[in-house]
file work_22.txt (compact mmCIF, C-alpha atoms)
# COMPACT_ATOMS: atom_id res chain seq x y z
CA MET S 1 25.64 54.20 82.28
CA HIS S 2 22.99 54.35 84.98
CA TYR S 3 22.73 50.62 84.80
CA LEU S 4 26.46 50.24 85.28
CA VAL S 5 26.46 52.47 88.37
CA LEU S 6 23.55 50.51 89.82
CA SER S 7 25.43 47.32 89.02
CA SER S 8 28.55 48.50 90.84
CA ILE S 9 26.48 49.61 93.87
CA LEU S 10 24.80 46.21 94.08
CA PHE S 11 28.13 44.47 93.62
CA THR S 12 29.61 46.41 96.52
CA ILE S 13 26.65 45.66 98.78
CA GLY S 14 27.10 41.98 97.98
CA ALA S 15 30.83 42.13 98.67
CA VAL S 16 30.37 43.90 102.01
CA THR S 17 27.72 41.34 102.92
CA VAL S 18 30.19 38.55 102.29
CA LEU S 19 32.76 40.32 104.41
CA THR S 20 30.60 41.22 107.39
CA ARG S 21 27.81 38.71 107.86
CA ARG S 22 28.67 35.70 110.00
CA ASN S 23 25.75 33.59 108.85
CA ALA S 24 26.96 31.35 106.04
CA ILE S 25 23.64 31.51 104.23
CA LEU S 26 23.63 35.30 104.29
CA ALA S 27 27.19 35.41 103.03
CA PHE S 28 26.09 33.12 100.24
CA MET S 29 23.25 35.48 99.36
CA GLY S 30 25.88 38.20 99.08
CA VAL S 31 27.70 36.08 96.49
CA GLU S 32 24.45 35.71 94.57
CA LEU S 33 23.93 39.47 94.60
CA MET S 34 27.43 39.98 93.22
CA LEU S 35 26.77 37.50 90.41
CA ASN S 36 23.50 39.24 89.61
CA SER S 37 25.09 42.65 89.41
CA CYS S 38 27.71 41.26 87.04
CA ASN S 39 24.88 39.91 84.91
CA LEU S 40 23.32 43.36 84.81
CA ALA S 41 26.61 44.84 83.60
CA LEU S 42 26.92 42.11 80.97
CA VAL S 43 23.43 42.72 79.64
CA THR S 44 24.05 46.46 79.57
CA PHE S 45 27.24 46.01 77.58
CA SER S 46 25.41 43.67 75.28
CA ARG S 47 23.07 46.51 74.46
CA VAL S 48 25.89 49.05 74.12
CA HIS S 49 27.70 46.89 71.60
CA GLY S 50 24.59 45.67 69.85
CA GLN S 51 25.63 42.03 70.18
CA LEU S 52 23.91 39.18 72.00
CA THR S 53 27.14 37.65 73.30
CA GLY S 54 26.82 39.54 76.56
CA GLN S 55 23.38 38.12 77.14
CA VAL S 56 24.66 34.62 76.45
CA MET S 57 27.44 35.16 78.97
CA ALA S 58 24.88 36.31 81.51
CA PHE S 59 22.90 33.18 80.76
CA TYR S 60 25.91 30.97 81.46
CA VAL S 61 26.64 32.88 84.65
CA MET S 62 23.07 32.19 85.71
CA VAL S 63 23.40 28.45 85.10
CA VAL S 64 26.74 28.21 86.87
CA ALA S 65 25.32 30.21 89.77
CA ALA S 66 22.49 27.70 90.05
CA ALA S 67 24.95 24.79 90.20
CA GLU S 68 27.09 26.68 92.70
CA VAL S 69 24.12 27.39 94.95
CA VAL S 70 23.13 23.74 94.97
CA VAL S 71 26.58 22.58 96.04
CA GLY S 72 27.13 25.43 98.48
CA LEU S 73 23.84 24.94 100.25
CA ALA S 74 24.48 21.20 100.44
CA ILE S 75 27.80 21.96 102.13
CA ILE S 76 26.12 24.35 104.54
CA VAL S 77 23.50 21.76 105.41
CA SER S 78 26.08 19.05 106.00
CA ILE S 79 28.18 21.38 108.18
CA TYR S 80 25.06 22.28 110.10
CA ARG S 81 24.33 18.61 110.66
CA ALA S 82 27.82 17.93 111.94
CA ARG S 83 28.29 21.06 114.07
CA ARG S 84 24.85 22.56 114.65
CA THR S 85 26.01 25.95 113.43
CA VAL S 86 25.88 28.00 110.24
CA SER S 87 28.42 30.55 111.38
CA VAL S 88 31.40 30.93 109.09
CA ASP S 89 33.68 31.44 112.10
CA GLU S 90 33.03 28.15 113.83
CA PRO S 91 34.49 25.58 111.44
CA SER S 92 38.22 26.24 111.88
CA LEU S 93 39.69 22.75 111.62
CA LEU S 94 42.06 23.82 108.87
CA LYS S 95 43.59 26.54 111.01
CA GLY S 96 46.39 24.22 112.10
CA MET V 1 25.32 61.22 78.68
CA ASP V 2 22.33 58.92 78.41
CA SER V 3 23.93 56.76 75.86
CA VAL V 4 22.46 53.61 77.33
CA VAL V 5 19.25 54.69 78.96
CA GLY V 6 16.98 55.38 76.07
CA THR V 7 13.48 56.82 76.09
CA GLY V 8 11.87 58.88 78.81
CA GLY V 9 9.63 56.06 79.98
CA GLU V 10 12.63 53.81 80.45
CA VAL V 11 14.40 56.46 82.49
CA ALA V 12 11.37 56.87 84.72
CA ILE V 13 11.04 53.15 85.35
CA PHE V 14 14.76 52.90 86.02
CA TRP V 15 14.65 55.67 88.62
CA ILE V 16 11.70 53.98 90.31
CA ILE V 17 13.15 50.48 90.36
CA ALA V 18 16.83 51.19 90.99
CA PRO V 19 16.52 52.94 94.40
CA LEU V 20 14.08 50.29 95.58
CA MET V 21 16.54 47.62 94.51
CA VAL V 22 19.37 49.28 96.40
CA ILE V 23 17.23 49.60 99.54
CA ALA V 24 16.18 45.95 99.27
CA ALA V 25 19.81 44.94 98.78
CA LEU V 26 20.77 46.84 101.93
CA ALA V 27 18.44 44.48 103.80
CA LEU V 28 21.13 41.86 103.18
CA LEU V 29 23.53 43.95 105.22
CA PHE V 30 21.30 45.16 108.01
CA ALA V 31 18.40 42.75 108.44
CA ARG V 32 18.55 40.87 111.71
CA LYS V 33 16.68 37.84 110.49
CA PRO V 34 18.00 35.91 107.50
CA VAL V 35 14.47 35.52 106.14
CA HIS V 36 14.08 39.29 105.78
CA ALA V 37 17.36 39.40 103.89
CA ALA V 38 16.09 36.63 101.63
CA VAL V 39 12.89 38.57 100.89
CA GLY V 40 14.99 41.65 100.10
CA LEU V 41 17.14 39.63 97.74
CA ILE V 42 14.04 38.25 96.01
CA PHE V 43 12.90 41.84 95.46
CA VAL V 44 16.28 42.69 93.96
CA MET V 45 16.08 39.69 91.63
CA ILE V 46 12.62 40.64 90.37
CA GLY V 47 13.72 44.22 89.85
CA MET V 48 16.67 42.85 87.90
CA ALA V 49 14.21 40.97 85.67
CA PHE V 50 12.44 44.29 84.94
CA LEU V 51 15.74 45.89 84.05
CA TYR V 52 16.69 43.01 81.73
CA THR V 53 13.43 43.36 79.90
CA MET V 54 14.01 47.10 79.51
CA LEU V 55 17.52 46.34 78.24
CA GLU V 56 16.01 44.42 75.32
CA ALA V 57 16.77 41.05 76.90
CA PRO V 58 13.30 39.60 77.56
CA PHE V 59 14.61 36.04 77.48
CA LEU V 60 17.02 36.75 80.31
CA GLY V 61 14.28 38.59 82.17
CA VAL V 62 12.08 35.52 82.15
CA ALA V 63 15.02 33.24 82.94
CA GLN V 64 15.91 35.52 85.84
CA VAL V 65 12.47 35.12 87.37
CA VAL V 66 12.37 31.38 86.74
CA VAL V 67 15.91 30.53 87.80
CA TYR V 68 16.69 33.04 90.52
CA THR V 69 13.41 33.82 92.22
CA GLY V 70 11.81 30.52 91.32
CA ALA V 71 14.60 28.10 92.08
CA ILE V 72 17.60 29.61 93.81
CA MET V 73 15.83 31.84 96.31
CA ILE V 74 13.33 29.09 97.09
CA LEU V 75 16.30 26.84 97.78
CA PHE V 76 17.76 29.50 100.07
CA VAL V 77 14.53 29.89 102.00
CA PHE V 78 14.20 26.13 102.19
CA VAL V 79 17.67 25.75 103.67
CA LEU V 80 16.94 28.59 106.08
CA MET V 81 13.91 26.65 107.23
CA LEU V 82 15.96 23.47 107.51
CA VAL V 83 18.73 25.11 109.48
CA GLY V 84 16.35 27.01 111.71
CA VAL V 85 14.92 30.42 110.99
CA ASP V 86 16.13 31.70 114.33
CA ALA V 87 19.76 30.90 113.64
CA ALA V 88 20.86 34.51 114.00
CA ASP V 89 24.35 35.87 113.60
CA ALA V 90 26.83 35.04 116.29
CA ALA V 91 26.45 37.49 119.15
CA VAL V 92 30.18 38.00 119.48
CA ASP V 93 32.01 39.35 116.49
CA THR V 94 35.36 37.67 116.32
CA LEU V 95 36.84 40.69 114.57
CA LYS V 96 35.01 43.82 115.62
CA ALA V 97 37.02 46.20 113.51
CA GLN V 98 36.45 44.11 110.44
CA ARG V 99 32.88 45.35 110.07
CA TRP V 100 33.91 48.99 109.81
CA VAL V 101 36.89 48.18 107.64
CA ALA V 102 34.51 46.36 105.32
CA TYR V 103 32.15 49.35 105.20
CA VAL V 104 34.98 51.74 104.40
CA LEU V 105 36.36 49.42 101.74
CA GLY V 106 32.88 49.04 100.28
CA ALA V 107 32.45 52.80 100.05
CA GLY V 108 35.84 52.99 98.39
CA LEU V 109 34.91 50.28 95.91
CA VAL V 110 31.69 52.10 94.96
CA ALA V 111 33.60 55.34 94.55
CA VAL V 112 36.24 53.75 92.34
CA LEU V 113 33.80 51.78 90.18
CA ALA V 114 31.33 54.62 89.76
CA GLY V 115 34.16 57.06 89.11
CA VAL V 116 35.57 54.86 86.39
CA ILE V 117 32.15 54.37 84.82
CA VAL V 118 31.23 58.06 84.92
CA THR V 119 34.55 59.27 83.53
CA ALA V 120 34.80 56.56 80.90
CA THR V 121 33.77 57.45 77.38
CA LEU V 122 31.38 54.76 76.34
CA PRO V 123 30.51 54.45 72.69
CA ASP V 124 27.01 55.38 71.70
CA ALA V 125 24.67 52.52 72.38
CA VAL V 126 24.12 50.49 69.25
CA GLY V 127 20.93 48.95 70.56
CA LEU V 128 19.74 45.48 69.83
CA GLU V 129 17.15 46.17 67.15
CA VAL V 130 19.26 44.45 64.53
CA ALA V 131 20.35 41.55 66.73
CA ASN V 132 16.83 41.07 68.02
CA ALA V 133 15.24 41.29 64.59
CA ASN V 134 14.25 37.62 64.74
CA THR V 135 12.99 37.96 68.37
CA ASN V 136 15.38 37.98 71.28
CA PRO V 137 15.07 34.31 72.36
CA ALA V 138 15.77 33.19 68.82
CA GLY V 139 18.82 35.43 68.64
CA VAL V 140 20.15 34.22 71.98
CA ALA V 141 19.50 30.62 71.00
CA HIS V 142 21.41 31.19 67.77
CA VAL V 143 24.48 32.24 69.75
CA ILE V 144 24.10 29.58 72.47
CA PHE V 145 23.61 26.64 70.13
CA GLY V 146 25.91 28.02 67.44
CA ALA V 147 29.13 29.58 68.65
CA THR V 148 29.04 28.27 72.22
CA VAL V 149 27.47 24.87 71.84
CA PHE V 150 30.44 23.10 73.42
CA THR V 151 30.22 25.40 76.44
CA LEU V 152 26.55 24.54 76.69
CA GLU V 153 27.38 20.84 76.86
CA LEU V 154 30.02 21.50 79.50
CA VAL V 155 27.42 23.40 81.50
CA GLY V 156 25.07 20.43 81.21
CA VAL V 157 27.78 18.18 82.65
CA LEU V 158 28.35 20.73 85.40
CA LEU V 159 24.68 20.70 86.34
CA ILE V 160 24.59 16.93 86.54
CA VAL V 161 27.74 16.85 88.66
CA ALA V 162 26.29 19.54 90.94
CA ALA V 163 23.07 17.61 91.42
CA LEU V 164 24.96 14.40 92.17
CA SER V 165 27.29 16.14 94.57
CA ALA V 166 24.38 17.70 96.42
CA ILE V 167 22.84 14.27 96.81
CA THR V 168 26.07 12.71 98.08
CA LEU V 169 26.87 15.62 100.38
CA THR V 170 23.53 15.53 102.13
CA HIS V 171 23.25 11.76 102.11
CA ARG V 172 23.24 10.15 105.52
CA GLU V 173 23.97 6.50 106.16
CA ALA V 174 21.45 4.66 108.27
CA LEU V 175 23.46 3.98 111.43
CA GLN V 176 20.96 1.55 112.88
CA GLN V 177 17.91 -0.25 111.72
CA ALA V 178 14.71 1.65 112.15
CA ARG V 179 12.82 0.34 115.17
CA ASN V 180 9.33 -0.62 114.24
CA GLN V 181 6.48 -1.29 116.60
CA LYS V 182 7.02 -5.04 116.69
CA ALA V 183 10.68 -4.74 117.68
CA THR V 184 9.80 -2.21 120.36
CA VAL V 185 7.24 -4.55 121.86
CA ARG V 186 9.72 -7.44 121.84
CA LEU V 187 12.41 -5.37 123.52
CA ARG V 188 9.96 -4.25 126.15
CA GLN V 189 8.82 -7.81 126.83
CA ARG V 190 12.39 -9.02 127.15
CA ALA V 191 13.23 -6.21 129.56
CA TYR V 192 10.15 -7.13 131.56
CA ALA V 193 11.15 -10.79 131.73
CA ARG V 194 14.64 -9.80 132.88
CA GLY V 195 13.13 -7.54 135.51
CA GLU V 196 14.58 -4.37 133.94
CA GLY V 197 13.10 -1.17 132.60
CA SER V 198 9.81 0.33 133.64
CA GLN V 199 8.21 -3.07 134.29
CA VAL V 200 5.08 -1.99 132.45
CA LEU V 201 3.89 -3.94 129.45
CA THR V 202 0.66 -2.14 128.85
CA PRO V 203 0.44 1.47 127.73
CA MET V 204 1.15 3.87 130.58
CA PRO V 205 -1.90 4.79 132.61
CA ALA V 206 -3.09 8.30 131.93
CA PRO V 207 -2.55 10.77 134.75
CA GLY V 208 -5.36 12.04 136.85
CA VAL V 209 -8.21 10.09 135.35
CA TYR V 210 -8.61 7.71 138.28
CA ALA V 211 -8.41 10.48 140.82
CA GLU V 212 -10.70 13.47 141.15
CA HIS V 213 -8.48 15.74 139.10
CA ASN V 214 -7.65 15.38 135.46
CA ALA V 215 -4.56 17.59 135.35
CA ALA V 216 -1.38 16.04 133.97
CA ASP V 217 0.52 16.54 137.22
CA VAL V 218 -1.90 14.49 139.31
CA PRO V 219 -0.98 10.81 139.44
CA ALA V 220 -3.65 8.29 138.69
CA LEU V 221 -4.89 6.04 141.48
CA ASP V 222 -4.94 2.31 141.14
CA PRO V 223 -7.99 0.29 142.23
CA TYR V 224 -6.53 0.13 145.72
CA GLY V 225 -6.33 3.88 146.04
CA ARG V 226 -2.58 4.15 145.73
CA PRO V 227 -0.99 6.70 143.41
CA ILE V 228 0.66 5.34 140.25
CA ASP V 229 3.90 7.23 139.79
CA ILE V 230 4.46 6.30 136.15
CA SER V 231 1.13 7.79 135.16
CA VAL V 232 2.64 11.26 135.47
CA PRO V 233 4.70 12.28 132.41
CA ARG V 234 8.39 11.63 132.92
CA VAL V 235 9.36 15.25 132.32
CA LEU V 236 7.12 16.47 135.12
CA ARG V 237 8.53 13.83 137.44
CA ILE V 238 12.11 14.80 136.65
CA ARG V 239 11.37 18.47 137.15
CA GLY V 240 9.65 17.70 140.46
CA GLN V 241 6.41 19.30 139.31
CA GLU V 242 4.39 16.26 140.23
CA LEU V 243 1.68 16.94 142.78
CA ASP V 244 1.96 15.01 146.02
CA PRO V 245 -0.78 12.40 145.93
CA ALA V 246 -0.91 12.58 149.70
CA SER V 247 -2.73 15.89 149.32
CA PHE V 248 -5.66 13.96 147.88
CA ASP V 249 -5.70 11.39 150.65
CA GLY V 250 -8.77 12.90 152.24
CA HIS V 251 -10.77 12.68 149.03
CA VAL V 252 -9.52 9.21 148.33
CA ALA V 253 -10.48 8.11 151.81
CA GLN V 254 -13.93 9.55 151.34
CA ILE V 255 -14.31 7.78 148.00
CA ALA V 256 -13.08 4.55 149.52
CA GLU V 257 -15.55 4.88 152.38
CA GLY V 258 -18.30 4.93 149.83
CA ARG V 259 -19.43 8.41 150.60
CA TYR V 260 -19.58 9.32 146.91
CA LEU V 261 -20.32 5.93 145.43
CA SER V 262 -21.88 2.94 147.00
CA ARG V 263 -19.41 0.11 146.72
CA PRO V 264 -17.76 -2.44 148.98
CA PRO V 265 -15.12 -1.06 151.34
CA ALA V 266 -11.55 -1.03 150.13
CA PRO V 267 -9.29 -3.87 151.20
CA THR V 268 -6.73 -3.23 153.91
CA PRO V 269 -3.25 -2.30 152.69
CA GLU V 270 -1.92 -5.77 153.53
CA GLN V 271 -4.64 -7.45 151.52
CA SER V 272 -4.20 -5.18 148.55
CA ALA V 273 -0.41 -5.58 148.57
CA ALA V 274 -0.72 -9.35 148.62
CA ALA V 275 -3.26 -9.28 145.79
CA LEU V 276 -1.04 -7.00 143.73
CA ALA V 277 2.01 -9.18 144.26
CA ALA V 278 0.08 -12.28 143.21
CA GLU V 279 -1.20 -10.51 140.14
CA ALA V 280 2.29 -9.33 139.18
CA ASP V 281 3.75 -12.81 139.69
CA LEU V 282 1.14 -14.35 137.45
CA GLU V 283 1.66 -11.75 134.76
CA ARG V 284 5.44 -12.13 134.88
CA ALA V 285 5.19 -15.90 134.60
CA VAL V 286 2.98 -15.64 131.53
CA VAL V 287 5.20 -13.07 129.88
CA THR V 288 8.38 -15.00 130.61
CA GLU V 289 6.83 -18.00 128.93
CA THR V 290 5.92 -16.07 125.81
CA VAL V 291 9.34 -14.45 125.67
CA GLU V 292 11.01 -17.83 125.93
CA ASP V 293 8.82 -19.04 123.10
CA MET V 294 9.81 -16.01 121.05
CA LEU V 295 13.51 -16.57 121.70
CA ALA V 296 13.22 -20.20 120.75
CA GLU V 297 11.40 -19.23 117.61
CA GLU V 298 14.18 -16.82 116.68
CA ARG V 299 16.81 -19.49 117.28
CA GLY V 300 14.95 -21.69 114.83
CA ASP V 301 13.95 -24.32 117.36
CA LEU V 302 10.31 -24.01 116.56
CA PRO V 303 9.83 -23.87 112.82
CA GLU V 304 6.28 -25.18 113.03
CA PRO V 305 4.46 -21.87 113.52
CA GLU V 306 5.98 -20.42 110.34
CA SER V 307 5.12 -23.46 108.28
CA ASP V 308 1.67 -23.32 109.77
CA HIS V 309 1.29 -19.75 108.59
CA GLU V 310 2.48 -20.67 105.13
CA SER V 311 0.24 -23.65 104.82
CA GLU V 312 -2.87 -21.89 106.02
CA PRO V 313 -3.59 -19.84 102.90
CA THR V 314 -3.10 -22.84 100.61
CA ASP V 315 -5.54 -24.85 102.69
CA ASP V 316 -8.01 -22.02 102.45
CA GLY V 317 -7.47 -21.81 98.72
CA ARG V 318 -8.07 -25.51 98.34
CA SER V 319 -11.23 -25.40 100.35
CA ASP V 320 -12.35 -22.39 98.31
CA LEU V 321 -11.67 -24.28 95.11
CA GLU V 322 -13.50 -27.29 96.38
CA GLU V 323 -16.44 -25.18 97.34
CA LYS V 324 -16.49 -23.60 93.91
CA GLY V 325 -16.23 -26.99 92.31
CA ASP V 326 -19.14 -28.19 94.40
CA ARG V 327 -21.18 -25.24 93.35
CA SER V 328 -20.47 -25.74 89.68
call {"tool": "encode", "arguments": {"input": "work_22.txt", "output": "structure tokens"}}
result
Amino acid sequence: MHYLVLSSILFTIGAVTVLTRRNAILAFMGVELMLNSCNLALVTFSRVHGQLTGQVMAFYVMVVAAAEVVVGLAIIVSIYRARRTVSVDEPSLLKG
Amino acid sequence: MDSVVGTGGEVAIFWIIAPLMVIAALALLFARKPVHAAVGLIFVMIGMAFLYTMLEAPFLGVAQVVVYTGAIMILFVFVLMLVGVDAADAAVDTLKAQRWVAYVLGAGLVAVLAGVIVTATLPDAVGLEVANANTNPAGVAHVIFGATVFTLELVGVLLIVAALSAITLTHREALQQARNQKATVRLRQRAYARGEGSQVLTPMPAPGVYAEHNAADVPALDPYGRPIDISVPRVLRIRGQELDPASFDGHVAQIAEGRYLSRPPAPTPEQSAAALAAEADLERAVVTETVEDMLAEERGDLPEPESDHESEPTDDGRSDLEEKGDRS
């Protein structure tokens, strides 16, 4: 139960980070924190239920997070090359 | 109540690690520099690895350290370095109220989640002694490669696609051919023959060394005692930080009079100007000739030099062979 509360606190910190920080890299770190807190909840539930499925799910989340980070950071780098900024407010071409 | 947290030692470690993790996570929100936030996040990840190990998931604990702190956070820090560590947040918030709205919503989210968790009746923790009987990695591997093996293969495909996409996203076409030293020299010679550019073929003279002073803002003096403008770095010239060589005229005159060194008196300005012009004419004539040769060579008019170069080594080889044959 303690673990779950800690997990929800970390999840919220990550969510607020995504909402408030303007730096794209920092917002991305917030996403990572959210994924991590979900992993903590999964592992905790795995122990509560006495099954390893939760740990396997956490493992897959980890792998997908790694792939996501690679692509996301590549996008950030290419945006930085084109616009010389990492702010999430600047690129607004799709605004219409 | 402590259906999940087990023994006393585990509780103690949890209460040490968890507050530190929350504080480190808050660095994400409040740290000015992105690097500090990254360090805080690394701390959170390592603390998470401790918690996994306490939760009877040592495999995930090790994977957490290897994957998150070892790969992902290093990637983050690397990109931070690439983008510029000083790239701070934008000074002007586009939506000022949004920050406080986000804080309030975050507090609400914590309240709701924690409230649900505290009021929920969780079953008594079963524990993983049975599932981990054959060591935890073996148990996890049994599930991964048994029930979810197709998912595992999909994840493999995903990783390959991600790697490829990262390569293509950050790939940059070469817009122009890289200029090597030879091409630079040729361009400079052509510009010289056309009378364009800086009209200097040799390396730029160093500032100050021909005068009394060796500072970078003092122009060098040519053999005739005149300041050479191009010897001063271009940036200083543009900024107007170049020292006026006229302020050294007295010293130069003294040097020219032979007060410091015994040498023949300097030529009059007319003489020196004429000599310089003659020198420049000669140099330009020579260079124009070589440039014309080069152009002709590029057009293919003069194939002989290339064939010469090709034939040279064979000749040498033959002579070497003959020599060897003579010796034997």
call {"tool": "residues_around", "arguments": {"input": "work_22.txt", "residues": "Phe28 in chain S", "least_positions_apart": "4", "cutoff": "12 Å", "atoms": "all atoms listed in the file", "output": "short mmCIF file (atom, residue, chain, number, x, y, z; two decimals) with C-alpha atoms, in the coordinates of the input"}}
result
data_model
loop_
_atom_site.label_atom_id
_atom_site.label_comp_id
_atom_site.auth_asym_id
_atom_site.auth_seq_id
_atom_site.Cartn_x
_atom_site.Cartn_y
_atom_site.Cartn_z
CA GLY S 14 27.10 41.98 97.98
CA ALA S 15 30.83 42.13 98.67
CA VAL S 16 30.37 43.90 102.01
CA THR S 17 27.72 41.34 102.92
CA VAL S 18 30.19 38.55 102.29
CA LEU S 19 32.76 40.32 104.41
CA THR S 20 30.60 41.22 107.39
CA ARG S 21 27.81 38.71 107.86
CA ARG S 22 28.67 35.70 110.00
CA ASN S 23 25.75 33.59 108.85
CA ALA S 24 26.96 31.35 106.04
CA GLU S 32 24.45 35.71 94.57
CA LEU S 33 23.93 39.47 94.60
CA MET S 34 27.43 39.98 93.22
CA LEU S 35 26.77 37.50 90.41
CA ALA S 65 25.32 30.21 89.77
CA GLU S 68 27.09 26.68 92.70
CA VAL S 69 24.12 27.39 94.95
CA VAL S 70 23.13 23.74 94.97
CA VAL S 71 26.58 22.58 96.04
CA GLY S 72 27.13 25.43 98.48
CA LEU S 73 23.84 24.94 100.25
CA ILE S 75 27.80 21.96 102.13
CA ILE S 76 26.12 24.35 104.54
CA VAL S 86 25.88 28.00 110.24
CA SER S 87 28.42 30.55 111.38
CA VAL S 88 31.40 30.93 109.09
CA LEU V 28 21.13 41.86 103.18
CA PRO V 34 18.00 35.91 107.50
CA ALA V 37 17.36 39.40 103.89
CA ALA V 38 16.09 36.63 101.63
CA LEU V 41 17.14 39.63 97.74
CA ILE V 72 17.60 29.61 93.81
CA MET V 73 15.83 31.84 96.31
CA LEU V 75 16.30 26.84 97.78
CA PHE V 76 17.76 29.50 100.07
CA VAL V 79 17.67 25.75 103.67
CA LEU V 80 16.94 28.59 106.08
#
call {"tool": "atom_distance", "arguments": {"input": "work_22.txt", "atom1": "CA of Leu6 in chain S", "atom2": "CA of Tyr52 in chain V"}}
result
13.0 Å
call {"tool": "interface_residues", "arguments": {"input": "work_22.txt", "of": "chain V", "to": "chain S", "cutoff": "6 Å", "atoms": "only C-alpha atoms", "output": "list of chain:residue names"}}
result
V:Val4, V:Leu29, V:Asp89, V:Arg99, V:Ala102, V:Gly106, V:Val110, V:Ala114, V:Ala125, V:Val126, V:Gly127, V:Leu128, V:Leu159, V:Ala162, V:Ala166, V:Thr170
call {"tool": "atom_distance", "arguments": {"input": "work_22.txt", "atom1": "CA of Ala285 in chain V", "atom2": "CA of Glu196 in chain V"}}
result
14.9 Å
call {"tool": "atom_distance", "arguments": {"input": "work_22.txt", "atom1": "CA of Val143 in chain V", "atom2": "CA of Val62 in chain V"}}
result
17.8 Å
